[in-house]
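A quick write-up on the structure given underneath.
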Amino acid sequence: MGEAAKTVIIEVERRNSTNDEPYFEKFEVPYRANMNVISALMEIRRNPVNMEGKKTTPVNWDMACLEEVCGACSMVINGKARQSCTALIDQLEQPIRLQPMKTFPVVRDLVIDRSRMFESLKKVKAWVPIDGTHDLGEGPRMPERKRQWAYELSKCITCGVCLEACPNVNEKSDFIGPAPLSQVRLFNAHPTGAMNRDERLNAIMGEGGLGSCSNSQNCVESCPKGIPLTTSIAALNRETTVQMFRNFFGSDRMVD
Ligand code: SF4
Ligand code: FES
């Protein structure tokens with residue numbers, strides 16, 4: 001008798017639609033060297049038979065880039081929210097438990113609806129406005145030190161992990177969460193983006209803004225890109241204080 005083929009046990013929290021009760025289903029898939037969670041899920045999709053030998057529906061999940069750039073494949077893996085495309089099977093304890101992130105509505109199985117985060121980015125105008133698609137030439141130069149920290153903030157992949165980690169982002173609260181706040185600091189730092197600085201700061205001074213942060217610091221520890229979220233939040237606290245005086249006394253200073 002040869003040695004039994006190596007397998008991977010995956011336990012998936014499943015539901016058919018948003019309002020359905022969740023249930024767990026276990027799968028055993030053949031092991032391959034260097035597998036990640038997505039390749040195990042693809043194996044289940046190829047052969048949707050659970051550990052009881054029953055044919056079931058293929059598991060649903062989101063993915064796009066497969067290289068930790070798009071943020072679409074975020075899920076809770078063995079209790080920790082992270083990207084499934086970079087979660088290597090060899091580094092995970094088995095059975096590997098896959099669950100959808102709970103901060104966002106679950107669409108089906110591991111698919112979540114991240115609209116909450118994208119709506120917040122719209123609310124704070126997290127972009128640099130341009131007046132057309134024609135070539136505007138080189139943009140204004142930024143001081144090197146500022147460029148360096150702004151570059152770090154630009155690495156956000158809108159994966160939602162920091163919102164999942166934050167105790168104040170949930171269905172009962174309208175807190176926009178750490179990622180959109182940090183993007184306010186990023187776009188205010190841009191020489192052209194700074195034209196909307198006052199609007200962005202005023203947006204986060206209201207309901208669901210900075211005032212809802214309780215400084216738990218979970219966000220900065222959870223971010224896969226190492227974005228200094230709490231530094232951004234501290235900087236925004238200072239900037240909104242100045243903005244409050246500007247709003248009160250009036251100011252002709254549009255851009256630093
Ligand atoms: S700040 Fe980090 S954890 Fe939060 S959405 Fe961006 S990349 Fe993900
Ligand atoms: S598939 Fe894009 S981050 Fe994982």
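How things are named: the first chain in the structure tokens is A, the next is B, and so on; residues count from 1 in each chain; ligands count from 1 in the order shown.
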Which protein, DNA or RNA residues have an atom within 7 Å of ligand 2, counting only C-alpha atoms and all ligand atoms, as an MDAnalysis selection string? chainID A and resid 63:74 83:86
Please give me, as an MDAnalysis selection string, the residues lying within 8 Å of ligand 1 when counting only C-alpha atoms and all ligand atoms. chainID A and resid 71 153 155:163 178:180 182 219:220 222:227 229
Separation of atom CA of Val169 of chain A from atom CA of Pro95 of chain A in Å: 29.0 Å
Could you go through segment 17-245 of chain A and tell me which residues DSSP, when run on the backbone, assigns to strand (DSSP E or B), listing them as a list in words?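 Secondary structure check on segment 17-245 of chain A, strand (DSSP E or B): Tyr23, Phe24, Glu25, Lys26, Phe27, Glu28, Val29, Pro30, Asn36, Val49, Lys55, Ser74, Met75, Val76, Ile77, Lys80, Ala81, Arg82, Gln83, Leu88, Ile96, Arg97, Leu98, Gln99, Val106, Val107, Arg108, Val111 and Ile112 of chain A.
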Could those selected residues go to a file with C-alpha atoms, as an mmCIF file, in the first residue's frame?
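Result written to result_20.cif:
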```
data_model
loop_
_atom_site.group_PDB
_atom_site.id
_atom_site.type_symbol
_atom_site.label_atom_id
_atom_site.label_comp_id
_atom_site.auth_asym_id
_atom_site.auth_seq_id
_atom_site.Cartn_x
_atom_site.Cartn_y
_atom_site.Cartn_z
ATOM 1 C CA TYR A 23 -23.921 27.000 7.751
ATOM 2 C CA PHE A 24 -20.506 25.336 7.564
ATOM 3 C CA GLU A 25 -19.509 22.867 4.898
ATOM 4 C CA LYS A 26 -16.231 20.914 4.888
ATOM 5 C CA PHE A 27 -14.218 19.930 1.858
ATOM 6 C CA GLU A 28 -11.117 17.837 1.348
ATOM 7 C CA VAL A 29 -9.034 18.787 -1.678
ATOM 8 C CA PRO A 30 -5.819 17.292 -3.061
ATOM 9 C CA ASN A 36 -2.898 29.209 -1.733
ATOM 10 C CA VAL A 49 -18.382 17.477 -3.403
ATOM 11 C CA LYS A 55 -22.491 16.914 -4.383
ATOM 12 C CA SER A 74 -10.469 39.570 1.373
ATOM 13 C CA MET A 75 -12.034 37.047 3.747
ATOM 14 C CA VAL A 76 -11.573 35.815 7.285
ATOM 15 C CA ILE A 77 -9.064 32.955 7.233
ATOM 16 C CA LYS A 80 -7.986 36.703 10.667
ATOM 17 C CA ALA A 81 -9.185 39.026 7.889
ATOM 18 C CA ARG A 82 -6.706 38.977 4.999
ATOM 19 C CA GLN A 83 -6.341 38.367 1.272
ATOM 20 C CA LEU A 88 -0.437 30.018 1.561
ATOM 21 C CA ILE A 96 -8.655 26.003 7.278
ATOM 22 C CA ARG A 97 -11.762 27.949 8.209
ATOM 23 C CA LEU A 98 -12.966 30.485 5.614
ATOM 24 C CA GLN A 99 -15.604 33.057 6.544
ATOM 25 C CA VAL A 106 -22.640 39.106 2.657
ATOM 26 C CA VAL A 107 -23.934 38.576 -0.865
ATOM 27 C CA ARG A 108 -23.351 34.828 -1.003
ATOM 28 C CA VAL A 111 -18.703 37.277 -1.467
ATOM 29 C CA ILE A 112 -19.270 40.555 0.334
#
```
Of A:Cys213, A:Ile176, A:Ala234, A:Ala126, the one sitting nearest Arg200 of chain A when using only C-alpha atoms is A:Ala126
Out of segment 144-232 of chain A, which residues get alpha helix (DSSP H) from DSSP, as a ChimeraX atom specification? /A:144-153,161-165,178-189,197-205,218-222,229-232
To one decimal place in Å, what is the distance between atom CA of Gly79 of chain A and atom CA of Thr230 of chain A?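 Result for atom CA of Gly79 of chain A versus atom CA of Thr230 of chain A: 23.0 Å, one decimal.
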What is the distance, in Å and to one decimal place, between atom CA of Pro58 of chain A and atom CA of Ala5 of chain A?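 Atom CA of Ala5 of chain A lies at a distance of 23.0 Å from atom CA of Pro58 of chain A.
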Segment 122-124 of chain A: which residues within 8 Å, counting only C-alpha atoms, same-chain residues fewer than 6 positions away excluded, as a short mmCIF file (atom, residue, chain, number, x, y, z; two decimals) with C-alpha atoms, in the first residue's frame?
```
data_model
loop_
_atom_site.label_atom_id
_atom_site.label_comp_id
_atom_site.auth_asym_id
_atom_site.auth_seq_id
_atom_site.Cartn_x
_atom_site.Cartn_y
_atom_site.Cartn_z
CA PRO A 180 -11.26 56.55 3.66
CA VAL A 184 -8.33 62.27 2.81
CA GLU A 199 -14.43 70.06 1.44
CA ARG A 200 -12.70 66.84 2.48
CA LEU A 201 -11.92 68.09 5.96
CA ALA A 203 -16.81 65.97 5.29
CA ILE A 204 -14.89 64.13 8.01
#
```
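Minimum atom-to-atom distances from A:Thr18, A:Ser212, A:Gln183, A:Asn247 to Asp198 of chain A were compared using only C-alpha atoms, and the lowest value belongs to A:Asn247.
With distances restricted to only C-alpha atoms, A:Glu164 is the closest residue to Lys102 of chain A from A:Glu43, A:Asn60, A:Arg147, A:Glu164.
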Closest of A:Arg145, A:Pro129, A:Asn47, A:Arg246 to Pro191 of chain A - atom-to-atom distances counting only C-alpha atoms: A:Pro129
